[in-house]
>>> print(open('data-v7.pdb').read())   # PDB, C-alpha atoms
ATOM      1  CA  MET A   1      18.110  -7.468   2.700  1.00  0.00           C
ATOM      2  CA  PRO A   2      19.102 -10.800   4.248  1.00  0.00           C
ATOM      3  CA  ASN A   3      22.423  -9.587   5.733  1.00  0.00           C
ATOM      4  CA  ALA A   4      21.437  -6.095   6.844  1.00  0.00           C
ATOM      5  CA  SER A   5      21.980  -5.201  10.472  1.00  0.00           C
ATOM      6  CA  LEU A   6      18.657  -3.903  11.787  1.00  0.00           C
ATOM      7  CA  ASN A   7      18.057  -1.460  14.629  1.00  0.00           C
ATOM      8  CA  PRO A   8      14.788  -1.407  16.590  1.00  0.00           C
ATOM      9  CA  SER A   9      12.220   0.481  14.563  1.00  0.00           C
ATOM     10  CA  GLN A  10      10.908   3.869  15.585  1.00  0.00           C
ATOM     11  CA  TYR A  11       7.921   3.615  13.226  1.00  0.00           C
ATOM     12  CA  THR A  12       4.595   1.852  12.936  1.00  0.00           C
ATOM     13  CA  LEU A  13       3.679   1.255   9.294  1.00  0.00           C
ATOM     14  CA  PHE A  14       0.326   0.491   7.691  1.00  0.00           C
ATOM     15  CA  ALA A  15      -0.649  -0.821   4.236  1.00  0.00           C
ATOM     16  CA  ALA A  16      -3.121   1.014   2.012  1.00  0.00           C
ATOM     17  CA  ASN A  17      -5.889  -1.242   3.396  1.00  0.00           C
ATOM     18  CA  LYS A  18      -4.965  -0.107   6.949  1.00  0.00           C
ATOM     19  CA  ALA A  19      -3.417  -3.503   7.861  1.00  0.00           C
ATOM     20  CA  ASN A  20      -0.523  -3.224  10.300  1.00  0.00           C
ATOM     21  CA  LEU A  21       2.816  -4.052   8.641  1.00  0.00           C
ATOM     22  CA  ASP A  22       5.214  -6.022  10.823  1.00  0.00           C
ATOM     23  CA  VAL A  23       8.371  -3.872  10.843  1.00  0.00           C
ATOM     24  CA  LEU A  24      11.473  -6.014  11.407  1.00  0.00           C
ATOM     25  CA  GLY A  25      13.729  -3.013  12.070  1.00  0.00           C
ATOM     26  CA  ASP A  26      15.394   0.061  10.589  1.00  0.00           C
ATOM     27  CA  THR A  27      18.665   0.397   8.679  1.00  0.00           C
ATOM     28  CA  VAL A  28      20.551   2.709   6.339  1.00  0.00           C
ATOM     29  CA  LEU A  29      20.317   1.482   2.747  1.00  0.00           C
ATOM     30  CA  PRO A  30      22.707   2.607   0.017  1.00  0.00           C
ATOM     31  CA  PHE A  31      21.181   2.459  -3.485  1.00  0.00           C
ATOM     32  CA  VAL A  32      21.700   3.711  -7.029  1.00  0.00           C
ATOM     33  CA  ILE A  33      19.225   5.490  -9.302  1.00  0.00           C
ATOM     34  CA  ASP A  34      20.292   5.996 -12.912  1.00  0.00           C
ATOM     35  CA  ARG A  35      24.003   5.689 -11.947  1.00  0.00           C
ATOM     36  CA  HIS A  36      23.635   8.219  -9.076  1.00  0.00           C
ATOM     37  CA  ALA A  37      24.462   6.964  -5.546  1.00  0.00           C
ATOM     38  CA  PHE A  38      22.104   7.720  -2.647  1.00  0.00           C
ATOM     39  CA  GLU A  39      21.291   6.340   0.773  1.00  0.00           C
ATOM     40  CA  ALA A  40      18.171   6.423   2.906  1.00  0.00           C
ATOM     41  CA  ASP A  41      17.036   5.468   6.390  1.00  0.00           C
ATOM     42  CA  VAL A  42      14.517   2.684   5.737  1.00  0.00           C
ATOM     43  CA  SER A  43      12.191   0.399   7.652  1.00  0.00           C
ATOM     44  CA  VAL A  44      12.322  -3.276   6.700  1.00  0.00           C
ATOM     45  CA  CYS A  45       9.076  -5.241   6.568  1.00  0.00           C
ATOM     46  CA  SER A  46       8.531  -8.906   5.687  1.00  0.00           C
ATOM     47  CA  LYS A  47       5.339  -8.100   3.748  1.00  0.00           C
ATOM     48  CA  VAL A  48       6.786  -5.433   1.435  1.00  0.00           C
ATOM     49  CA  GLU A  49       9.179  -6.410  -1.332  1.00  0.00           C
ATOM     50  CA  ASP A  50       9.330  -3.047  -3.107  1.00  0.00           C
ATOM     51  CA  PHE A  51      11.608  -0.183  -2.153  1.00  0.00           C
ATOM     52  CA  LEU A  52       9.573   2.923  -1.267  1.00  0.00           C
ATOM     53  CA  LEU A  53      11.046   6.378  -0.706  1.00  0.00           C
ATOM     54  CA  GLY A  54       9.049   8.549   1.660  1.00  0.00           C
ATOM     55  CA  SER A  55       8.093  12.174   1.219  1.00  0.00           C
ATOM     56  CA  ASP A  56      10.546  13.095   4.015  1.00  0.00           C
ATOM     57  CA  TRP A  57      13.475  11.669   1.987  1.00  0.00           C
ATOM     58  CA  LEU A  58      12.265  13.370  -1.219  1.00  0.00           C
ATOM     59  CA  GLU A  59      11.972  16.676   0.655  1.00  0.00           C
ATOM     60  CA  GLN A  60      15.535  16.310   2.049  1.00  0.00           C
ATOM     61  CA  GLN A  61      16.787  15.802  -1.508  1.00  0.00           C
ATOM     62  CA  GLY A  62      14.924  18.881  -2.786  1.00  0.00           C
ATOM     63  CA  ALA A  63      12.970  16.664  -5.178  1.00  0.00           C
ATOM     64  CA  GLN A  64      11.144  18.293  -8.073  1.00  0.00           C
ATOM     65  CA  TRP A  65       9.047  16.199 -10.442  1.00  0.00           C
ATOM     66  CA  ASP A  66       8.598  17.597 -13.965  1.00  0.00           C
ATOM     67  CA  PHE A  67       5.685  15.651 -15.419  1.00  0.00           C
ATOM     68  CA  ALA A  68       6.004  17.293 -18.864  1.00  0.00           C
ATOM     69  CA  SER A  69       9.613  16.147 -19.361  1.00  0.00           C
ATOM     70  CA  GLY A  70       9.279  12.923 -17.343  1.00  0.00           C
ATOM     71  CA  THR A  71      12.158  13.783 -15.007  1.00  0.00           C
ATOM     72  CA  VAL A  72      12.768  14.059 -11.283  1.00  0.00           C
ATOM     73  CA  THR A  73      15.476  16.388  -9.992  1.00  0.00           C
ATOM     74  CA  LEU A  74      17.141  15.279  -6.760  1.00  0.00           C
ATOM     75  CA  GLY A  75      19.567  18.003  -5.655  1.00  0.00           C
ATOM     76  CA  ASP A  76      21.694  18.689  -8.752  1.00  0.00           C
ATOM     77  CA  ARG A  77      20.901  15.314 -10.377  1.00  0.00           C
ATOM     78  CA  CYS A  78      18.270  15.073 -13.115  1.00  0.00           C
ATOM     79  CA  ILE A  79      16.836  11.563 -13.420  1.00  0.00           C
ATOM     80  CA  LYS A  80      14.627  10.270 -16.235  1.00  0.00           C
ATOM     81  CA  VAL A  81      11.440   8.594 -14.949  1.00  0.00           C
ATOM     82  CA  HIS A  82      10.555   5.185 -16.410  1.00  0.00           C
ATOM     83  CA  ARG A  83       7.174   3.505 -16.372  1.00  0.00           C
ATOM     84  CA  ARG A  84       7.169   0.415 -14.198  1.00  0.00           C
ATOM     85  CA  HIS A  85       5.823  -2.718 -15.844  1.00  0.00           C
ATOM     86  CA  ARG A  86       4.290  -5.359 -13.628  1.00  0.00           C
ATOM     87  CA  THR A  87       6.191  -8.593 -14.104  1.00  0.00           C
ATOM     88  CA  GLY A  88       4.177 -10.707 -11.717  1.00  0.00           C
ATOM     89  CA  ILE A  89       1.042 -10.488  -9.667  1.00  0.00           C
ATOM     90  CA  CYS A  90       0.856 -11.956  -6.193  1.00  0.00           C
ATOM     91  CA  ARG A  91      -0.896 -11.351  -2.910  1.00  0.00           C
ATOM     92  CA  CYS A  92       0.366 -11.730   0.617  1.00  0.00           C
ATOM     93  CA  VAL A  93      -1.629 -14.297   2.645  1.00  0.00           C
ATOM     94  CA  VAL A  94      -1.820 -13.668   6.398  1.00  0.00           C
ATOM     95  CA  VAL A  95      -3.722 -15.172   9.330  1.00  0.00           C
ATOM     96  CA  ALA A  96      -7.061 -13.357   9.814  1.00  0.00           C
ATOM     97  CA  THR A  97      -7.720 -14.365  13.465  1.00  0.00           C
ATOM     98  CA  ASP A  98      -5.660 -15.975  16.210  1.00  0.00           C
ATOM     99  CA  CYS A  99      -5.894 -19.762  16.048  1.00  0.00           C
ATOM    100  CA  ILE A 100      -4.232 -22.867  17.434  1.00  0.00           C
ATOM    101  CA  VAL A 101      -3.274 -25.828  15.242  1.00  0.00           C
ATOM    102  CA  PRO A 102      -3.181 -28.889  17.548  1.00  0.00           C
ATOM    103  CA  ALA A 103      -0.109 -31.125  17.681  1.00  0.00           C
ATOM    104  CA  LYS A 104       0.034 -33.829  14.985  1.00  0.00           C
ATOM    105  CA  HIS A 105      -2.996 -32.322  13.203  1.00  0.00           C
ATOM    106  CA  GLU A 106      -3.882 -30.213  10.223  1.00  0.00           C
ATOM    107  CA  GLY A 107      -5.977 -27.154  10.779  1.00  0.00           C
ATOM    108  CA  ASN A 108      -8.199 -24.958   8.666  1.00  0.00           C
ATOM    109  CA  VAL A 109      -6.954 -21.431   9.286  1.00  0.00           C
ATOM    110  CA  LEU A 110      -9.019 -18.355   8.422  1.00  0.00           C
ATOM    111  CA  VAL A 111      -6.805 -16.081   6.282  1.00  0.00           C
ATOM    112  CA  ARG A 112      -6.997 -12.929   4.224  1.00  0.00           C
ATOM    113  CA  MET A 113      -5.140 -11.824   1.112  1.00  0.00           C
ATOM    114  CA  GLU A 114      -3.541  -8.400   1.098  1.00  0.00           C
ATOM    115  CA  ASP A 115      -2.902  -6.625  -2.171  1.00  0.00           C
ATOM    116  CA  ASP A 116      -1.075  -3.526  -3.326  1.00  0.00           C
ATOM    117  CA  GLY A 117      -4.289  -1.639  -4.028  1.00  0.00           C
ATOM    118  CA  LEU A 118      -4.087  -1.900  -7.823  1.00  0.00           C
ATOM    119  CA  PRO A 119      -7.413  -2.980  -9.326  1.00  0.00           C
ATOM    120  CA  LEU A 120      -7.320  -6.482 -10.834  1.00  0.00           C
ATOM    121  CA  PRO A 121      -9.964  -8.656 -12.463  1.00  0.00           C
ATOM    122  CA  PRO A 122     -11.160 -11.572 -10.299  1.00  0.00           C
ATOM    123  CA  TYR A 123      -8.660 -14.430 -10.108  1.00  0.00           C
ATOM    124  CA  ASP A 124      -8.272 -17.901  -8.728  1.00  0.00           C
ATOM    125  CA  TRP A 125      -5.192 -18.048  -6.469  1.00  0.00           C
ATOM    126  CA  ALA A 126      -2.896 -20.752  -5.101  1.00  0.00           C
ATOM    127  CA  ILE A 127      -0.375 -20.944  -2.322  1.00  0.00           C
ATOM    128  CA  GLU A 128       2.347 -23.565  -2.426  1.00  0.00           C
ATOM    129  CA  PRO A 129       3.572 -25.561   0.574  1.00  0.00           C
ATOM    130  CA  GLN A 130       5.829 -23.415   2.743  1.00  0.00           C
ATOM    131  CA  GLY A 131       7.516 -23.959   6.084  1.00  0.00           C
ATOM    132  CA  LEU A 132       6.367 -21.731   8.934  1.00  0.00           C
ATOM    133  CA  GLY A 133       8.848 -23.104  11.459  1.00  0.00           C
ATOM    134  CA  PRO A 134      10.049 -26.477  12.711  1.00  0.00           C
ATOM    135  CA  ASN A 135       7.481 -29.170  11.771  1.00  0.00           C
ATOM    136  CA  ILE A 136       4.753 -26.727  10.717  1.00  0.00           C
ATOM    137  CA  MET A 137       3.871 -25.753   7.153  1.00  0.00           C
ATOM    138  CA  THR A 138       1.137 -24.529   4.883  1.00  0.00           C
ATOM    139  CA  ALA A 139      -0.327 -27.027   2.421  1.00  0.00           C
ATOM    140  CA  ARG A 140      -1.070 -26.246  -1.217  1.00  0.00           C
ATOM    141  CA  THR A 141      -4.370 -24.358  -1.121  1.00  0.00           C
ATOM    142  CA  LEU A 142      -6.621 -22.821  -3.779  1.00  0.00           C
ATOM    143  CA  PHE A 143      -8.602 -19.608  -3.252  1.00  0.00           C
ATOM    144  CA  SER A 144     -10.985 -17.584  -5.370  1.00  0.00           C
ATOM    145  CA  ASP A 145     -11.794 -13.884  -5.241  1.00  0.00           C
ATOM    146  CA  PHE A 146     -15.457 -14.990  -5.146  1.00  0.00           C
ATOM    147  CA  GLN A 147     -15.116 -16.862  -1.814  1.00  0.00           C
ATOM    148  CA  PRO A 148     -16.619 -14.968   1.154  1.00  0.00           C
ATOM    149  CA  GLN A 149     -14.075 -16.560   3.551  1.00  0.00           C
ATOM    150  CA  LEU A 150     -10.615 -17.859   2.753  1.00  0.00           C
ATOM    151  CA  ILE A 151      -9.328 -20.963   4.534  1.00  0.00           C
ATOM    152  CA  ALA A 152      -5.737 -22.246   4.307  1.00  0.00           C
ATOM    153  CA  TRP A 153      -4.603 -25.699   5.403  1.00  0.00           C
ATOM    154  CA  VAL A 154      -1.785 -25.694   7.924  1.00  0.00           C
ATOM    155  CA  LEU A 155      -0.045 -28.932   8.921  1.00  0.00           C
ATOM    156  CA  ASN A 156       1.436 -29.236  12.424  1.00  0.00           C
ATOM    157  CA  ASN A 157       3.688 -32.296  12.615  1.00  0.00           C
ATOM    158  CA  SER A 158       5.215 -31.281  15.950  1.00  0.00           C
ATOM    159  CA  CYS A 159       4.356 -32.642  19.396  1.00  0.00           C
ATOM    160  CA  GLU A 160       3.114 -29.234  20.589  1.00  0.00           C
ATOM    161  CA  ASP A 161       0.106 -27.095  19.737  1.00  0.00           C
ATOM    162  CA  LYS A 162       1.087 -24.090  17.590  1.00  0.00           C
ATOM    163  CA  LEU A 163      -0.433 -20.627  17.971  1.00  0.00           C
ATOM    164  CA  LEU A 164      -0.798 -18.650  14.750  1.00  0.00           C
ATOM    165  CA  SER A 165      -1.378 -15.006  15.658  1.00  0.00           C
ATOM    166  CA  VAL A 166      -3.408 -12.554  13.598  1.00  0.00           C
ATOM    167  CA  ASP A 167      -1.357 -10.996  10.746  1.00  0.00           C
ATOM    168  CA  THR A 168       1.185 -13.858  10.765  1.00  0.00           C
ATOM    169  CA  PHE A 169       2.577 -14.219   7.232  1.00  0.00           C
ATOM    170  CA  LEU A 170       1.704 -17.617   5.680  1.00  0.00           C
ATOM    171  CA  SER A 171       2.627 -17.434   2.020  1.00  0.00           C
ATOM    172  CA  MET A 172       2.400 -15.522  -1.238  1.00  0.00           C
ATOM    173  CA  ALA A 173      -0.627 -16.382  -3.406  1.00  0.00           C
ATOM    174  CA  LYS A 174      -0.165 -16.414  -7.166  1.00  0.00           C
ATOM    175  CA  PRO A 175      -2.908 -16.359  -9.820  1.00  0.00           C
ATOM    176  CA  VAL A 176      -3.785 -19.725 -11.343  1.00  0.00           C
ATOM    177  CA  GLN A 177      -6.276 -21.053 -13.849  1.00  0.00           C
ATOM    178  CA  CYS A 178      -8.317 -23.880 -12.319  1.00  0.00           C
ATOM    179  CA  LEU A 179      -9.396 -26.654 -14.653  1.00  0.00           C
ATOM    180  CA  SER A 180     -12.224 -29.100 -13.971  1.00  0.00           C
ATOM    181  CA  ASP A 181     -11.725 -32.879 -14.244  1.00  0.00           C
ATOM    182  CA  ASP A 182     -14.085 -33.307 -17.206  1.00  0.00           C
ATOM    183  CA  SER A 183     -13.138 -30.295 -19.302  1.00  0.00           C
ATOM    184  CA  HIS A 184     -10.179 -28.142 -20.138  1.00  0.00           C
ATOM    185  CA  LYS A 185     -12.217 -24.976 -19.728  1.00  0.00           C
ATOM    186  CA  PRO A 186     -11.306 -22.749 -16.778  1.00  0.00           C
ATOM    187  CA  ALA A 187     -13.545 -23.520 -13.782  1.00  0.00           C
ATOM    188  CA  SER A 188     -14.682 -19.875 -13.534  1.00  0.00           C
ATOM    189  CA  LEU A 189     -15.886 -20.051 -17.166  1.00  0.00           C
ATOM    190  CA  MET A 190     -17.706 -23.327 -16.441  1.00  0.00           C
ATOM    191  CA  VAL A 191     -19.623 -21.592 -13.631  1.00  0.00           C
ATOM    192  CA  GLU A 192     -20.628 -18.731 -15.942  1.00  0.00           C
ATOM    193  CA  SER A 193     -21.810 -21.083 -18.695  1.00  0.00           C
ATOM    194  CA  ASN A 194     -23.905 -23.099 -16.202  1.00  0.00           C
ATOM    195  CA  ARG A 195     -25.771 -19.961 -15.102  1.00  0.00           C
ATOM    196  CA  SER A 196     -27.130 -19.160 -18.569  1.00  0.00           C
TER     197      SER A 196
END
>>> encode(input="data-v7.pdb", output="structure tokens")
Amino acid sequence: MPNASLNPSQYTLFAANKANLDVLGDTVLPFVIDRHAFEADVSVCSKVEDFLLGSDWLEQQGAQWDFASGTVTLGDRCIKVHRRHRTGICRCVVVATDCIVPAKHEGNVLVRMEDDGLPLPPYDWAIEPQGLGPNIMTARTLFSDFQPQLIAWVLNNSCEDKLLSVDTFLSMAKPVQCLSDDSHKPASLMVESNRS
């Protein structure tokens, strides 16, 4: 919603893991479901890409979900429900504790990855370089679900120290397959084979 005009939010939102979601503001969003036009009062958050309709909106529409027929009735409109297929897996990477990256330095920043609550097998993850503001950016960083603490590299090329506050968005982590220098086996498989 890059061009939406946002009003100050009247809500505080939390993720399933109880992390505070940074609400940018509220707006009215027109949308279409199965060729039927609707609109909803929504809160816009930088950490949530999906469109979620709340129980208050469903109640206003008189929603009735028929699991046997796979339909949802909204007012006088009957809408066929479709199974959502995951097209990509990623995790939001945010600052875990307040920290300062000194001017003209790189800093190791303690971070955490937030997920959507769906169970996944363990992965290796990577974030790509991304600007965080003038002269400050994340560096390419690899993480593993097996690491007890996650550290991201942040480069500060400005002439001023930069404060990164807790819950500041850094990047989106995507699953990767790490390869070792001497083999084309995934690094996680190399670790398993060395244990036996």
>>> resolve_selection(input="data-v7.pdb", expression="the PyMOL selection byres ((chain A and resi 63) around 7)", output="list in words")
Leu58, Glu59, Gln61, Gly62, Gln64, Trp65, Val72, Thr73, Leu74 and Gly75 of chain A
>>> atom_distance(input="data-v7.pdb", atom1="CA of Lys104 (chain A)", atom2="CA of Val154 (chain A)")
10.9 Å
>>> residues_around(input="data-v7.pdb", residues="region 161-167 of chain A", least_positions_apart="2", cutoff="6 Å", atoms="only C-alpha atoms", output="list in words")
Val94, Val95, Ala96, Thr97, Asp98, Cys99, Ile100, Val101, Pro102 and Ala103 of chain A
>>> resolve_selection(input="data-v7.pdb", expression="the PyMOL selection byres ((chain A and resi 70) around 12)", output="PyMOL selection string")
chain A and resi 64-69+71-73+78-83
>>> closest_residue(input="data-v7.pdb", among="A:Ile33, A:Ala126, A:Cys92, A:Ala4", to="Gln177 (chain A)", atoms="all atoms listed in the file")
A:Ala126
>>> resolve_selection(input="data-v7.pdb", expression="the PyMOL selection byres ((chain A and resi 9) around 6)", output="number ranges by chain")
A: 8, 10-11, 25-26
>>> atom_distance(input="data-v7.pdb", atom1="CA of Met137 (chain A)", atom2="CA of Glu114 (chain A)")
19.8 Å
>>> atom_distance(input="data-v7.pdb", atom1="CA of Asp145 (chain A)", atom2="CA of Glu128 (chain A)")
17.4 Å
>>> closest_residue(input="data-v7.pdb", among="A:Arg140, A:Asp124, A:Gly107, A:Thr168", to="Asn156 (chain A)", atoms="all atoms listed in the file")
A:Gly107
>>> closest_residue(input="data-v7.pdb", among="A:Cys159, A:Ile127, A:Ile89, A:Ala40", to="Val111 (chain A)", atoms="all atoms listed in the file")
A:Ile127
>>> residues_around(input="data-v7.pdb", residues="Pro30 (chain A)", least_positions_apart="3", cutoff="12 Å", atoms="all atoms listed in the file", output="PDB file with C-alpha atoms, in the frame of the given file")
ATOM      1  CA  MET A   1      18.110  -7.468   2.700  1.00  0.00           C
ATOM      2  CA  ALA A   4      21.437  -6.095   6.844  1.00  0.00           C
ATOM      3  CA  THR A  27      18.665   0.397   8.679  1.00  0.00           C
ATOM      4  CA  ILE A  33      19.225   5.490  -9.302  1.00  0.00           C
ATOM      5  CA  HIS A  36      23.635   8.219  -9.076  1.00  0.00           C
ATOM      6  CA  ALA A  37      24.462   6.964  -5.546  1.00  0.00           C
ATOM      7  CA  PHE A  38      22.104   7.720  -2.647  1.00  0.00           C
ATOM      8  CA  GLU A  39      21.291   6.340   0.773  1.00  0.00           C
ATOM      9  CA  ALA A  40      18.171   6.423   2.906  1.00  0.00           C
ATOM     10  CA  ASP A  41      17.036   5.468   6.390  1.00  0.00           C
ATOM     11  CA  VAL A  42      14.517   2.684   5.737  1.00  0.00           C
ATOM     12  CA  PHE A  51      11.608  -0.183  -2.153  1.00  0.00           C
TER      13      PHE A  51
END
>>> closest_residue(input="data-v7.pdb", among="A:Tyr123, A:Val93, A:Leu110, A:Ala152", to="Leu170 (chain A)", atoms="all atoms listed in the file")
A:Val93
